[in-house]
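Engineer: Below are the structure tokens for one structure; questions will follow.
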Amino acid sequence: MKIKYFLFLNIVVFALFSCNNKKLTEVVEVPLPSKEEKMLIGSPEDVKADEGTFQMVKLPYNYEVLAPNIDALTMELHYSKHYLTYTNNLNKAIAGTELEQLSIEEVLKKLDISNNDLRNNAGGYYNHGLFWENLAPKSNSQPKDSLAIAITRDFGSFNEFKNQFEETASKQFGSGWAWLITDKSGKLQITSSANQDNPLMSNALIKGTPILALDVWEHAYYLNYQYKRKKYIDAFFNVINWKKVGERYEEAIKN
């Protein structure tokens, strides 16, 4: 199924050329598409991973429903290209090994950190799956019940939690993730990780069970926000599925 989506992007490409130690800056203007030119956005239901142990988390919403907070084209590219690639590469990396019999959480805890192929693809698969489930087009502005109580207990207030989470996400240098986790004592903590690492891995700065994940790789926001990562982080709080995050919290403190 296809839907029509208008793409309005102001794109200016700056190319730096070096010749004989002299720098020449060339500005190339890319014309905006006319109103008659339309981008075709597909459906997440049409995206299928190759046969393998792990399959993609199904989106319970179409790509466009999170707009304007996360635009449809970004969602489609993120889900049908980046996430699909991590899924297929993970299945290839574990094919014929004992890891095929494990859950993704067990794979992450057991993997050899020096195995970059497995580390990046297993992390990319798990991290994105959690991210998709964290999102909802019609979400509550704040968590409820036991998660709300725990956030107040461990951060002082929801606003203080939000400020700390946004600061951590903003300060993550380069590609990576921001996390809300429960540690082994059941306390909530905020942390971050580079690339596709996460708090389940043996190299994590703060280990714990992730219950909320924010992707701060540029591919997650650049089409809509360009270099303004902070605006993307602010917008993320408009589409957090706090019901799902609360369920993850309840599950984490039971284990």
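Ordering of the structure tokens sets the chain letters (A, B, ...), residue numbers begin anew at 1 in every chain, and ligands are numbered from 1 in the order given.
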Using only C-alpha atoms, I'd like a table of the residues in segment 196-255 of chain A that come within 10 Å of segment 145-150 of chain A; for each, show the closest atom pair and its distance in Å rounded to one decimal, ordered by chain and ascending number, as a Markdown table.

Structural biologist:
| residue | atom | partner | partner_atom | distance |
| --- | --- | --- | --- | --- |
| A:Trp242 | CA | A:Leu147 | CA | 9.0 |
| A:Lys243 | CA | A:Leu147 | CA | 9.5 |
| A:Val245 | CA | A:Leu147 | CA | 8.2 |
| A:Gly246 | CA | A:Leu147 | CA | 5.6 |
| A:Glu247 | CA | A:Leu147 | CA | 8.8 |
| A:Arg248 | CA | A:Leu147 | CA | 9.5 |
| A:Tyr249 | CA | A:Leu147 | CA | 6.7 |
| A:Glu250 | CA | A:Leu147 | CA | 7.8 |

Engineer: Counting only C-alpha atoms, what are the residues of segment 43-138 of chain A within 8 Å of segment 223-226 of chain A, and for each of them which pair of atoms is the nearest and at what distance in Å, to one decimal? Sort the table by chain and rising number, as JSON lines.

Structural biologist:
{"residue": "A:Ile70", "atom": "CA", "partner": "A:Asn224", "partner_atom": "CA", "distance": 7.5}
{"residue": "A:Asp71", "atom": "CA", "partner": "A:Asn224", "partner_atom": "CA", "distance": 6.7}
{"residue": "A:Thr74", "atom": "CA", "partner": "A:Leu223", "partner_atom": "CA", "distance": 6.5}

Engineer: Looking only at the backbone, which of the residues in segment 76-208 of chain A does DSSP tag as alpha helix (DSSP H), as number ranges by chain?

Structural biologist: A: 76-77, 84-94, 104-110, 116-133, 145-155, 158-171

Engineer: For Glu218 of chain A, which residue among A:Lys187, A:His78, A:Asn140, A:Val107 is the nearest when counting only C-alpha atoms?

Structural biologist: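 Checking each candidate against Glu218 of chain A, we get A:His78 as the closest.
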
Engineer: Give me, as a list of chain:residue names, all polymer residues having an atom no more than 12 Å from Lys110 of chain A, counting only C-alpha atoms and skipping those fewer than 3 positions away in the same chain.

Structural biologist: A:Glu98, A:Leu99, A:Leu102, A:Ser103, A:Ile104, A:Glu105, A:Glu106, A:Val107, A:Ile113, A:Ser114, A:Asn115, A:Leu118, A:Arg119, A:Ala122, A:Leu200, A:Met201, A:Ser202, A:Asn203
